[in-house]
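J.: Next comes run23.txt, compact mmCIF, C-alpha atoms:
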```txt
# COMPACT_ATOMS: atom_id res chain seq x y z
CA GLY O 1 -22.70 48.45 -26.99
CA ARG O 2 -21.56 45.03 -25.85
CA TYR O 3 -25.07 44.18 -24.63
CA PHE O 4 -26.80 44.53 -28.01
CA GLY O 5 -27.12 40.76 -28.43
CA PHE O 6 -29.43 40.44 -25.43
CA LEU O 7 -32.29 42.08 -27.34
CA PRO O 8 -32.64 39.54 -30.20
CA PHE O 9 -31.78 36.66 -27.85
CA GLU O 10 -34.54 37.56 -25.38
CA GLY O 11 -36.96 38.11 -28.25
CA ALA O 12 -36.24 34.65 -29.63
CA ARG O 13 -36.51 33.09 -26.16
CA CYS O 14 -39.85 34.81 -25.54
CA ILE O 15 -41.28 33.58 -28.86
CA PHE O 16 -40.07 30.03 -28.20
CA PHE O 17 -41.66 29.86 -24.74
CA ALA O 18 -44.92 31.41 -25.97
CA LEU O 19 -45.26 28.82 -28.73
CA PHE O 20 -44.20 26.01 -26.41
CA VAL O 21 -46.81 27.00 -23.79
CA LEU O 22 -49.53 26.93 -26.46
CA TYR O 23 -48.39 23.45 -27.49
CA TYR O 24 -48.32 22.21 -23.89
CA LEU O 25 -51.74 23.74 -23.19
CA CYS O 26 -53.18 21.83 -26.15
CA VAL O 27 -51.68 18.61 -24.77
CA LEU O 28 -53.14 19.32 -21.33
CA CYS O 29 -56.60 19.92 -22.81
CA ALA O 30 -56.39 16.75 -24.89
CA HIS O 31 -55.72 14.67 -21.75
CA SER O 32 -57.60 16.75 -19.17
CA GLY O 33 -58.95 13.73 -17.33
CA ARG O 34 -55.58 12.03 -16.90
CA LEU O 35 -53.40 14.82 -15.52
CA LEU O 36 -50.98 14.52 -12.61
CA THR O 37 -49.77 17.18 -10.19
CA LEU O 38 -46.45 17.09 -12.06
CA HIS O 39 -48.16 18.24 -15.25
CA PHE O 40 -49.66 21.27 -13.50
CA MET O 41 -46.27 22.05 -11.93
CA THR O 42 -44.64 21.93 -15.37
CA PHE O 43 -47.29 24.22 -16.84
CA ILE O 44 -46.83 26.75 -14.02
CA VAL O 45 -43.06 26.73 -14.57
CA LEU O 46 -43.63 27.29 -18.30
CA LEU O 47 -45.90 30.26 -17.54
CA VAL O 48 -43.18 31.75 -15.32
CA CYS O 49 -40.69 31.26 -18.15
CA VAL O 50 -42.98 33.05 -20.61
CA ALA O 51 -43.58 35.96 -18.23
CA GLU O 52 -39.87 36.28 -17.37
CA SER O 53 -38.67 36.17 -20.98
CA ALA O 54 -41.36 38.66 -22.03
CA ALA O 55 -40.39 41.05 -19.22
CA ALA O 56 -36.68 40.73 -20.09
CA PHE O 57 -37.38 41.40 -23.76
CA ALA O 58 -39.61 44.36 -22.94
CA GLY O 59 -36.93 45.77 -20.65
CA TYR O 60 -34.19 45.61 -23.28
CA LEU O 61 -36.60 46.93 -25.93
CA GLU O 62 -37.50 49.92 -23.76
CA GLN O 63 -33.86 50.57 -22.93
CA ASN O 64 -32.94 50.41 -26.60
CA ARG O 65 -35.76 52.83 -27.52
CA THR O 66 -35.24 55.43 -24.79
CA GLY O 67 -31.59 55.00 -23.85
CA GLN O 68 -32.62 54.84 -20.18
CA PRO O 69 -30.13 52.82 -18.08
CA GLN O 70 -31.30 49.75 -16.17
CA CYS O 71 -30.07 51.25 -12.91
CA CYS O 72 -30.42 53.31 -10.77
CA PRO O 73 -33.26 53.67 -9.76
CA PHE O 74 -34.53 50.46 -11.29
CA PRO O 75 -37.33 50.92 -13.86
CA ARG O 76 -40.45 48.93 -13.04
CA ILE O 77 -39.99 46.58 -15.99
CA VAL O 78 -36.44 45.80 -14.82
CA VAL O 79 -37.67 45.05 -11.29
CA ALA O 80 -40.38 42.77 -12.69
CA SER O 81 -37.83 41.03 -14.90
CA MET O 82 -35.44 40.50 -11.97
CA VAL O 83 -38.15 39.03 -9.73
CA LEU O 84 -39.43 36.74 -12.47
CA GLU O 85 -35.89 35.65 -13.33
CA LEU O 86 -35.31 34.55 -9.74
CA LEU O 87 -38.61 32.67 -9.72
CA ARG O 88 -37.81 31.03 -13.04
CA ARG O 89 -34.36 29.91 -11.96
CA GLY O 90 -35.63 28.43 -8.72
CA ALA O 91 -38.73 26.84 -10.25
CA THR O 92 -36.82 25.19 -13.10
CA ARG O 93 -34.26 23.66 -10.76
CA VAL O 94 -36.94 22.45 -8.35
CA LEU O 95 -38.86 20.83 -11.20
CA LEU O 96 -35.77 19.05 -12.48
CA LEU O 97 -34.80 17.86 -9.00
CA VAL O 98 -38.25 16.48 -8.07
CA VAL O 99 -38.49 14.73 -11.45
CA SER O 100 -35.07 13.17 -10.86
CA LEU O 101 -36.28 11.97 -7.47
CA GLY O 102 -39.00 10.07 -9.29
CA TYR O 103 -41.94 12.28 -8.40
CA GLY O 104 -44.86 11.89 -10.79
CA LEU O 105 -43.70 8.74 -12.54
CA VAL O 106 -42.08 6.41 -10.00
CA ARG O 107 -43.85 7.54 -6.83
CA PRO O 108 -46.80 9.84 -6.05
CA ARG O 109 -45.05 11.98 -3.41
CA LEU O 110 -41.67 12.82 -1.89
CA ARG O 111 -40.50 12.08 1.64
CA ARG O 112 -40.64 14.89 4.19
CA THR O 113 -36.82 15.10 4.41
CA GLU O 114 -36.61 15.44 0.62
CA GLU O 115 -39.20 18.20 0.59
CA CYS O 116 -37.32 20.14 3.30
CA GLY O 117 -34.01 19.70 1.48
CA VAL O 118 -35.46 21.01 -1.77
CA ILE O 119 -36.95 24.05 -0.01
CA VAL O 120 -33.73 24.96 1.82
CA LEU O 121 -31.53 24.55 -1.26
CA THR O 122 -33.92 26.58 -3.40
CA ALA O 123 -34.07 29.42 -0.86
CA ALA O 124 -30.26 29.56 -0.66
CA TYR O 125 -29.92 29.56 -4.44
CA ILE O 126 -32.51 32.32 -4.96
CA THR O 127 -30.85 34.48 -2.29
CA ALA O 128 -27.42 34.16 -3.94
CA SER O 129 -28.94 34.77 -7.38
CA PHE O 130 -30.66 37.92 -6.11
CA PHE O 131 -27.36 39.58 -5.18
CA ALA O 132 -25.73 38.42 -8.42
CA THR O 133 -28.59 39.88 -10.46
CA ILE O 134 -28.35 43.22 -8.67
CA ALA O 135 -24.61 43.31 -9.39
CA LYS O 136 -25.17 42.47 -13.06
CA VAL O 137 -27.70 45.27 -13.54
CA LYS O 138 -25.50 47.82 -11.74
CA ASN O 139 -22.49 46.87 -13.87
CA ALA O 140 -24.54 47.14 -17.05
CA ALA O 141 -25.61 50.68 -16.12
CA ASP O 142 -22.23 51.96 -14.84
CA PRO O 143 -19.98 53.34 -17.60
CA ASP O 144 -16.96 53.04 -15.29
CA LEU O 145 -17.46 49.24 -15.30
CA ALA O 146 -18.07 48.96 -19.02
CA ALA O 147 -14.87 46.99 -19.59
CA GLY O 148 -15.34 44.66 -16.63
CA PRO O 149 -17.16 41.36 -16.36
CA LEU O 150 -20.97 41.25 -16.35
CA VAL O 151 -20.95 39.97 -12.76
CA PRO O 152 -18.02 40.28 -10.29
CA LEU O 153 -16.44 36.88 -9.70
CA MET O 154 -16.85 36.95 -5.91
CA VAL O 155 -20.57 37.72 -6.28
CA GLU O 156 -21.02 34.99 -8.88
CA LEU O 157 -19.21 32.26 -6.95
CA PRO O 158 -22.06 31.53 -4.46
CA VAL O 159 -24.46 31.12 -7.38
CA LEU O 160 -22.09 28.73 -9.11
CA LEU O 161 -21.60 26.85 -5.83
CA PHE O 162 -25.33 26.32 -5.31
CA ASP O 163 -25.67 25.41 -8.98
CA LEU O 164 -23.08 22.69 -8.43
CA VAL O 165 -24.97 21.50 -5.34
CA PHE O 166 -28.18 21.36 -7.39
CA LEU O 167 -26.41 19.42 -10.14
CA ALA O 168 -24.90 17.01 -7.60
CA CYS O 169 -28.30 16.39 -6.00
CA ILE O 170 -29.96 15.97 -9.39
CA TYR O 171 -27.26 13.55 -10.53
CA ALA O 172 -27.45 11.51 -7.30
CA ALA O 173 -31.25 11.40 -7.43
CA LEU O 174 -31.26 10.45 -11.11
CA VAL O 175 -28.75 7.64 -10.61
CA LYS O 176 -30.63 6.29 -7.58
CA THR O 177 -33.98 6.38 -9.39
CA MET O 178 -32.57 4.70 -12.50
CA ASP O 179 -30.86 1.99 -10.43
CA SER O 180 -34.15 1.30 -8.66
CA LEU O 181 -36.03 1.04 -11.95
CA ARG O 182 -33.34 -1.19 -13.44
CA ASP O 183 -33.35 -3.53 -10.45
CA SER O 184 -37.14 -3.87 -10.58
CA GLY O 185 -37.22 -4.37 -14.34
CA GLN O 186 -39.20 -1.19 -15.08
CA THR O 187 -37.67 -0.69 -18.54
CA PHE O 188 -40.41 1.62 -19.86
CA LYS O 189 -39.94 4.15 -17.07
CA LEU O 190 -36.17 3.67 -17.16
CA GLU O 191 -36.09 4.68 -20.83
CA LYS O 192 -37.68 8.05 -19.98
CA PHE O 193 -35.03 8.77 -17.37
CA TRP O 194 -32.28 7.72 -19.78
CA ARG O 195 -33.56 10.26 -22.30
CA LEU O 196 -33.56 12.96 -19.63
CA ALA O 197 -30.04 12.03 -18.50
CA LYS O 198 -28.64 12.15 -22.06
CA VAL O 199 -30.18 15.54 -22.90
CA LEU O 200 -29.26 17.00 -19.52
CA GLY O 201 -25.69 15.76 -19.85
CA GLY O 202 -25.37 17.31 -23.30
CA PHE O 203 -26.60 20.73 -22.19
CA VAL O 204 -24.50 20.70 -19.01
CA PHE O 205 -21.41 19.87 -21.08
CA LEU O 206 -22.01 22.74 -23.49
CA VAL O 207 -22.66 25.24 -20.69
CA SER O 208 -19.61 23.99 -18.77
CA VAL O 209 -17.40 24.57 -21.82
CA LEU O 210 -18.80 28.10 -22.18
CA ASN O 211 -18.22 28.82 -18.49
CA ALA O 212 -14.65 27.54 -18.78
CA PHE O 213 -14.00 30.05 -21.56
CA ILE O 214 -15.61 32.79 -19.46
CA PHE O 215 -13.36 32.16 -16.46
CA ALA O 216 -10.30 31.78 -18.68
CA SER O 217 -10.93 35.29 -20.01
CA ARG O 218 -11.14 36.88 -16.54
CA GLU O 219 -8.50 37.88 -14.04
CA PRO O 220 -6.19 36.46 -12.83
CA LEU O 221 -5.97 34.17 -15.90
CA SER O 222 -6.90 36.66 -18.65
CA LEU O 223 -5.88 34.17 -21.33
CA PHE O 224 -7.83 35.99 -24.06
CA GLU O 225 -10.34 38.78 -24.64
CA TRP O 226 -13.88 38.22 -25.85
CA PRO O 227 -14.69 39.82 -29.22
CA HIS O 228 -16.89 42.87 -28.74
CA GLN O 229 -19.63 41.42 -30.95
CA VAL O 230 -20.14 38.27 -28.84
CA TYR O 231 -19.42 39.60 -25.34
CA TRP O 232 -23.11 39.27 -24.47
CA VAL O 233 -22.88 35.46 -24.87
CA GLN O 234 -21.33 35.33 -21.38
CA GLY O 235 -24.66 36.26 -19.85
CA VAL O 236 -26.94 33.74 -21.57
CA SER O 237 -25.46 30.32 -20.69
CA GLN O 238 -27.93 29.74 -17.85
CA GLU O 239 -30.85 30.75 -20.07
CA VAL O 240 -29.76 28.28 -22.75
CA LEU O 241 -29.54 25.50 -20.15
CA ASN O 242 -32.95 26.51 -18.77
CA VAL O 243 -34.60 26.33 -22.20
CA GLY O 244 -33.15 22.88 -22.87
CA VAL O 245 -34.08 21.44 -19.49
CA ILE O 246 -37.66 22.71 -19.28
CA ALA O 247 -38.39 21.70 -22.89
CA THR O 248 -36.98 18.20 -22.31
CA ILE O 249 -38.98 17.62 -19.12
CA SER O 250 -42.16 18.95 -20.72
CA VAL O 251 -41.87 16.64 -23.72
CA ILE O 252 -40.72 13.46 -21.95
CA TRP O 253 -43.24 13.79 -19.11
CA GLN O 254 -46.07 15.26 -21.14
CA PRO O 255 -49.60 13.98 -20.42
CA THR O 256 -50.72 10.82 -22.20
CA GLU O 257 -53.77 8.61 -22.01
CA HIS O 258 -51.86 6.35 -19.57
CA SER O 259 -50.43 9.09 -17.32
CA ARG O 260 -52.30 8.11 -14.16
CA LEU O 261 -51.57 4.43 -14.66
CA LEU O 262 -47.82 4.99 -14.96
CA VAL O 263 -47.43 6.07 -11.33
CA SER O 264 -48.95 2.91 -9.89
CA MET O 265 -48.13 0.55 -12.75
CA GLN O 266 -45.47 -2.09 -12.12
CA GLN O 267 -44.12 -3.57 -15.34
CA LEU O 268 -43.75 -7.34 -15.26
CA ASN O 269 -40.13 -8.39 -15.09
CA THR O 270 -39.63 -10.78 -18.01
CA ASP O 271 -36.60 -12.31 -16.30
CA GLU O 272 -38.99 -13.94 -13.86
CA PHE O 273 -40.40 -16.10 -16.64
CA GLY O 274 -37.60 -18.43 -17.56
CA ASP O 275 -37.77 -21.68 -19.43
CA THR O 276 -40.14 -24.05 -17.70
CA GLY O 277 -39.61 -26.92 -20.08
```
When written as structure tokens, how does the structure in this file appear?

T.:
Amino acid sequence: GRYFGFLPFEGARCIFFALFVLYYLCVLCAHSGRLLTLHFMTFIVLLVCVAESAAAFAGYLEQNRTGQPQCCPFPRIVVASMVLELLRRGATRVLLLVVSLGYGLVRPRLRRTEECGVIVLTAAYITASFFATIAKVKNAADPDLAAGPLVPLMVELPVLLFDLVFLACIYAALVKTMDSLRDSGQTFKLEKFWRLAKVLGGFVFLVSVLNAFIFASREPLSLFEWPHQVYWVQGVSQEVLNVGVIATISVIWQPTEHSRLLVSMQQLNTDEFGDTG
């Protein structure tokens, strides 16, 4: 059917995360005495990603083998996959937001108002994603909805709205942090945030283009119809963005021998040393 592409995609995603976790674990062990809370947070998020991708792959593999629908009632592996997917979505966005706020590299902790804002936004996003996930699974299992979209537009809109809020907060935090580093002459730290901004911008652009095609193919526009062989691509844009973001953060902010020093280190501003002769 039109969902056949999910099986190899989830298999590839599971293998990637498994290998990436092994790599990151080796890096953690190599710098075990210089780790920050941010490094442990990143590792936990990576573990959630591995578990979620493995559960999703196992679910599609079981469905392909037995022909059992995902709903209803929900098989245990599907329930586990849904729960882990919600955790992965929330955890990845939280990690990206706190990194953009400068946590772990620019300052050792967030302000109380920032912590509360992150918690409220994450709870709202996970709630909206829960209902969208339920709708997606029901549509996938209902033959009467076989020709319809993976997720009804009205159910998907709240998720997209909170995604936009997350992106706006991440962008604002990233700009503010980079301006602060630029003003204080912290070019080494600034370069890390520039790398994050470039990669994030590239992935967001690609996903935005894909989403534009998705909405253009749906009512009331219905400008074109997706080929049957690639219809499943509509459901993986967020996963592609997730892979890019978590891999980028893990590599740029990976532990080094100077990890603990970076938080408190203030690079000397060379502009302060002008010509004295």

J.: Restricting the calculation to all atoms listed in the file: of O:Glu85, O:Leu7, O:Val165, O:Trp226, which residue gets closest to Val120 (chain O)?

T.: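 Among O:Glu85, O:Leu7, O:Val165, O:Trp226, it is O:Val165 that comes nearest to Val120 (chain O).
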
J.: CA of Arg195 (chain O) to CA of Ala168 (chain O): how many Å, to one decimal?

T.: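 Atom-to-atom, CA of Arg195 (chain O) and CA of Ala168 (chain O) are spaced 18.3 Å apart.
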
J.: What does the distance between CA of Val21 (chain O) and CA of Arg88 (chain O) come to in Å, to one decimal place?

T.: 14.6 Å

J.: Separation of CA of Ala12 (chain O) and CA of Gly202 (chain O), in Å?

T.: 21.4 Å

J.: Nearest to Gln186 (chain O) among O:Leu19, O:Gly59, O:Leu105, O:Leu221, with distances taken over all atoms listed in the file: which residue is it?

T.: O:Leu105

J.: Using all atoms listed in the file, which of the listed residues (O:Ala91, O:Thr66, O:Trp194, O:Phe215) sits closest to Met41 (chain O)?

T.: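 Smallest distance to Met41 (chain O) is found for O:Ala91.
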
J.: List the neighbours of Leu97 (chain O) out to 6 Å using all atoms listed in the file; skip same-chain residues closer than 3 positions along the sequence, and give me the result as a VMD selection string.

T.: chain O and resid 94 100 170

J.: Tyr125 (chain O): which residues within 10 Å, counting all atoms listed in the file, same-chain residues fewer than 5 positions away excluded, as an NGL selection string?

T.: :O and (86 or 89-90 or 93 or 119-120 or 130 or 158-163 or 165-166)

J.: Got time to write the residues from that selection, C-alpha atoms, as a compact mmCIF listing (two decimals), keeping the file's coordinate frame?

T.:
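Okay, selection.txt is ready:
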```txt
# COMPACT_ATOMS: atom_id res chain seq x y z
CA LEU O 86 -35.31 34.55 -9.74
CA ARG O 89 -34.36 29.91 -11.96
CA GLY O 90 -35.63 28.43 -8.72
CA ARG O 93 -34.26 23.66 -10.76
CA ILE O 119 -36.95 24.05 -0.01
CA VAL O 120 -33.73 24.96 1.82
CA PHE O 130 -30.66 37.92 -6.11
CA PRO O 158 -22.06 31.53 -4.46
CA VAL O 159 -24.46 31.12 -7.38
CA LEU O 160 -22.09 28.73 -9.11
CA LEU O 161 -21.60 26.85 -5.83
CA PHE O 162 -25.33 26.32 -5.31
CA ASP O 163 -25.67 25.41 -8.98
CA VAL O 165 -24.97 21.50 -5.34
CA PHE O 166 -28.18 21.36 -7.39
```

J.: Find, counting all atoms listed in the file, the residue in O:Cys49, O:Cys29, O:Arg76, O:Ala173 that gets nearest to Leu110 (chain O).

T.: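 Among the listed residues, O:Ala173 lies closest to Leu110 (chain O).
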
J.: Would you mind telling me which residue in O:Val209, O:Val199, O:Val83, O:Leu95 lies nearest to Ile44 (chain O) when using only C-alpha atoms?

T.: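 Smallest separation from Ile44 (chain O) among the options: O:Leu95.
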
J.: Considering all atoms listed in the file, state which residue in the set O:Gln238, O:Thr177, O:Ser208, O:Ser217 is at the smallest distance from Phe193 (chain O).

T.: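 Counting all atoms listed in the file, the residue closest to Phe193 (chain O) is O:Thr177.
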
J.: Which residues come within 12 Å of Leu206 (chain O), counting only C-alpha atoms, excluding same-chain residues fewer than 6 positions away, as a PyMOL selection string?

T.: chain O and resi 199-200+212-213+237-238+240-241+244

J.: Could all heavy atoms be built for region 10-21 of chain O and written out as a CSV table (one decimal), keeping the file's coordinate frame?

T.:
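The new file selection-v6.csv reads:
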```csv
chain,number,residue,atom,x,y,z
O,10,GLU,N,-33.4,37.6,-26.2
O,10,GLU,CA,-34.5,37.6,-25.4
O,10,GLU,C,-35.8,37.5,-26.2
O,10,GLU,O,-36.8,36.9,-25.8
O,10,GLU,CB,-34.6,38.8,-24.4
O,10,GLU,CG,-33.5,38.8,-23.4
O,10,GLU,CD,-33.6,37.6,-22.4
O,10,GLU,OE1,-34.6,36.9,-22.4
O,10,GLU,OE2,-32.6,37.4,-21.7
O,11,GLY,N,-35.8,38.2,-27.4
O,11,GLY,CA,-37.0,38.1,-28.2
O,11,GLY,C,-37.2,36.7,-28.7
O,11,GLY,O,-38.3,36.2,-28.7
O,12,ALA,N,-36.1,36.0,-29.2
O,12,ALA,CA,-36.2,34.6,-29.6
O,12,ALA,C,-36.7,33.7,-28.5
O,12,ALA,O,-37.5,32.8,-28.7
O,12,ALA,CB,-34.9,34.2,-30.2
O,13,ARG,N,-36.1,33.9,-27.3
O,13,ARG,CA,-36.5,33.1,-26.2
O,13,ARG,C,-38.0,33.3,-25.8
O,13,ARG,O,-38.7,32.3,-25.5
O,13,ARG,CB,-35.6,33.4,-25.0
O,13,ARG,CG,-35.7,32.4,-23.8
O,13,ARG,CD,-34.5,32.6,-22.9
O,13,ARG,NE,-34.6,33.9,-22.2
O,13,ARG,CZ,-35.1,34.1,-20.9
O,13,ARG,NH1,-35.5,33.0,-20.3
O,13,ARG,NH2,-35.1,35.2,-20.4
O,14,CYS,N,-38.5,34.5,-25.9
O,14,CYS,CA,-39.8,34.8,-25.5
O,14,CYS,C,-40.8,34.1,-26.5
O,14,CYS,O,-41.8,33.5,-26.2
O,14,CYS,CB,-40.1,36.3,-25.5
O,14,CYS,SG,-41.8,36.8,-25.2
O,15,ILE,N,-40.5,34.2,-27.8
O,15,ILE,CA,-41.3,33.6,-28.9
O,15,ILE,C,-41.3,32.1,-28.7
O,15,ILE,O,-42.4,31.4,-28.8
O,15,ILE,CB,-40.8,33.9,-30.3
O,15,ILE,CG1,-41.0,35.5,-30.5
O,15,ILE,CG2,-41.5,33.1,-31.3
O,15,ILE,CD1,-40.3,35.9,-31.8
O,16,PHE,N,-40.1,31.5,-28.4
O,16,PHE,CA,-40.1,30.0,-28.2
O,16,PHE,C,-41.0,29.6,-27.0
O,16,PHE,O,-41.8,28.6,-27.2
O,16,PHE,CB,-38.6,29.6,-27.9
O,16,PHE,CG,-38.5,28.2,-27.5
O,16,PHE,CD1,-38.5,27.1,-28.4
O,16,PHE,CD2,-38.4,27.8,-26.1
O,16,PHE,CE1,-38.4,25.8,-28.0
O,16,PHE,CE2,-38.3,26.5,-25.7
O,16,PHE,CZ,-38.3,25.5,-26.6
O,17,PHE,N,-40.9,30.3,-25.9
O,17,PHE,CA,-41.7,29.9,-24.7
O,17,PHE,C,-43.2,30.1,-25.0
O,17,PHE,O,-44.0,29.3,-24.5
O,17,PHE,CB,-41.2,30.6,-23.5
O,17,PHE,CG,-40.0,30.0,-22.8
O,17,PHE,CD1,-38.9,30.7,-22.5
O,17,PHE,CD2,-40.1,28.7,-22.4
O,17,PHE,CE1,-37.8,30.2,-21.8
O,17,PHE,CE2,-39.0,28.1,-21.8
O,17,PHE,CZ,-37.9,28.8,-21.5
O,18,ALA,N,-43.5,31.2,-25.7
O,18,ALA,CA,-44.9,31.4,-26.0
O,18,ALA,C,-45.5,30.3,-26.8
O,18,ALA,O,-46.6,29.8,-26.5
O,18,ALA,CB,-45.1,32.8,-26.7
O,19,LEU,N,-44.8,29.9,-27.9
O,19,LEU,CA,-45.3,28.8,-28.7
O,19,LEU,C,-45.3,27.5,-28.0
O,19,LEU,O,-46.2,26.7,-28.2
O,19,LEU,CB,-44.4,28.7,-30.0
O,19,LEU,CG,-44.4,29.9,-30.9
O,19,LEU,CD1,-43.4,29.7,-32.1
O,19,LEU,CD2,-45.8,30.1,-31.5
O,20,PHE,N,-44.3,27.3,-27.1
O,20,PHE,CA,-44.2,26.0,-26.4
O,20,PHE,C,-45.3,25.9,-25.4
O,20,PHE,O,-45.9,24.8,-25.2
O,20,PHE,CB,-42.9,25.9,-25.7
O,20,PHE,CG,-42.5,24.5,-25.3
O,20,PHE,CD1,-41.9,23.6,-26.2
O,20,PHE,CD2,-42.8,24.0,-24.0
O,20,PHE,CE1,-41.6,22.3,-25.8
O,20,PHE,CE2,-42.5,22.7,-23.7
O,20,PHE,CZ,-41.9,21.9,-24.6
O,21,VAL,N,-45.7,27.0,-24.7
O,21,VAL,CA,-46.8,27.0,-23.8
O,21,VAL,C,-48.1,26.7,-24.5
O,21,VAL,O,-49.0,25.9,-24.0
O,21,VAL,CB,-46.9,28.3,-23.1
O,21,VAL,CG1,-48.3,28.5,-22.4
O,21,VAL,CG2,-45.8,28.4,-22.0
```
